[in-house]
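**Q** Got a structure for you, questions after.
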Amino acid sequence: MPTDLPAKDLVGALPAREHLPVGAADRPVLDVVIPVYNEEKDLEPCVRRLHEHLARTFPYGFRITVADNASTDLTPAVAAHLARTVPEVRSVRLEQKGRGRALRTVWSHSDAPVLAYMDVDLSTDLNALLPLVAPLISGHSDLAIGSRLADGSRVVRGPKREFISRTYNLILRGSLAARFSDAQCGFKAIRREVAERLLPMVEDTGWFFDTEMLVLAERAGLRIHEVPVDWVDDPDSTVDIVRTATDDLKGVWRVGRALARGTLPLDRLSRPFGDDPRDRLISGVPGGLARQLVGFCTVGVLSTLFYLALYALFRLGVGPQAANATALLVSAVANTAANRRLTFGVRGRDRAVRHQAQGLVVFGIGLVLTSGSLAALEAATGNPSQATEMAVLIAANLAATVLRFLLFRAWVFPERRDHSYGQGDPR
């Protein structure tokens with residue numbers, strides 16, 4: 001995927017989030033972008049209503065930016081008039097269409113630390129704007145989205161759009177494992193330092209821009225805050241639903257393929273574990289150990305359950321030693337892959353074969369422990385019950401798990417200081 005940022009700006013992880021300073025008068029804290037195309041009728045009422053709401057309720061400095069997507073009617077003239085007559089309003093003209101292109105252009109050049117956008121029809125109740133951006137201002141979250149599908153939201157729209165929206169989000173959950181509830185609501189915000197790293201990775205320039213941005217952010221482990229909204233459908237919307245749906249499905253395929261290949265350097269977007277300084281000042285604990293232990297234990301529990309299920313299945317047809325070896329081999333490959341990605345943050349295909357080979361060595365050590373335990377049990381009891389076998393295997397696997405973590409951390413996935421390890425193969 002293309003990137004237009006200097007290489008020096010793309011090295012390393014994001015800094016810890018901080019609360020934005022209060023009372024900074026040199027620039028606005030919030031820049032709200034309204035992308036428009038041929039909206040000469042609705043633009044002025046929208047901007048004036050939004051400006052009045054922000055001036056009355058928003059406690060920080062703000063700016064409203066009208067991003068004209070190559071309109072062919074009087075929209076540019078209306079936008080220019082608003083920029084001249086309404087304080088904190090400016091207009092930007094683009095000669096190419098595309099909502100994603102408009103957002104990328106304005107956000108990339110904005111000096112505001114919090115960037116947001118909303119649709120010109122103002123379908124979303126503006127009372128949700130402050131709850132949307134507050135977690136970004138406080139440093140709690142990286143992105144925020146309005147959700148029409150979250151608990152507490154109130155939505156008025158026809159059955160056709162309701163069906164399309166829910167179907168699309170089910171597709172995202174099934175194909176891209178997305179956990180956010182509403183990708184298409186035109187009511188989102190992002191911290192600027194996140195946008196600087198994230199936007200160059202987003203290829204789409206149209207309606208899929210939002211979805212791609214959210215999927216990449218979620219896969220990188222960024223925190224996405226969801227706000228239930230009150231939303232009323234605009235019956236005069238000119239969006240081509242069929243074309244938009246087709247483009248979205250193409251985007252899902254493209255992003256899913258890139259994620260499967262591991263070609264996205266998502267580590268550029270990672271945050272340090274624990275923004276609270278107390279998380280980084282624990283004496284005697286190596287950096288990253290707490291996060292790795294949580295990830296390793298989670299993967300370990302799931303791997304153990306997977307292994308036991310496989311053992312019980314294989315034991316129906318073969319002896320205990322063969323069932324143990326086969327189940328352990330299959331689960332070991334899955335365990336190494338999961339720990340590589342989730343526990344130690346290694347992405348992409350670089351060194352993947354080497355890591356699996358080293359993982360198999362670790363598997364061999366685990367096999368010796370578990371097989372030796374079974375052999376000792378058979379020698380001691382002669383014909384143990386399957387329940388006794390399972391109990392002995394659980395104990396042996398616990399010992400093997402501790403050893404596996406130590407070997408993974410010190411040998412298979414050793415910590416590297418040059419920031420190049422674990423960022424994926426960009427080729």
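Chains: A, B, ... in order of the structure tokens. Residues: from 1 per chain. Ligands: from 1, in order shown.
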Report as a PyMOL selection string all protein, DNA and RNA residues lying within 7 Å of stretch 244-257 of chain A, evaluated on only C-alpha atoms, omitting residues in the same chain fewer than 4 positions from it.
**A** chain A and resi 176+207-208+240+261
**Q** What's the separation between atom CA of A:Val392 and atom CA of A:Ala327, in Å to one decimal place?
**A**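 Spanning atom CA of A:Val392 to atom CA of A:Ala327 is a straight-line distance of 15.4 Å.
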**Q** Grab the atom CA of A:Val318 to atom CA of A:Ala395 distance for me, in Å with one decimal place.
**A** 22.0 Å
**Q** If we count only C-alpha atoms, what is near A:Asp68 at a cut-off of 7 Å, once residues fewer than 6 positions away on the same chain are taken out, given as a PyMOL selection string?
**A** chain A and resi 35-37+76+92-94
**Q** Under the rule that only C-alpha atoms are counted, which of A:Asp42, A:Ala323, A:Leu129, A:Arg409 is the nearest residue to A:Leu310?
**A**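 Comparing A:Asp42, A:Ala323, A:Leu129, A:Arg409 against A:Leu310, the winner is A:Ala323.
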**Q** With only C-alpha atoms as the basis for distance, which of A:Pro200, A:Gly364, A:Gly139, A:Gly146 is at the shortest distance from A:Leu126?
**A**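 For A:Leu126, the nearest of the given residues is A:Gly146.
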**Q** So what do you get for atom CA of A:Asp125 versus atom CA of A:Val229, distance-wise?
**A**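 Atom CA of A:Val229 lies 6.8 Å from atom CA of A:Asp125.
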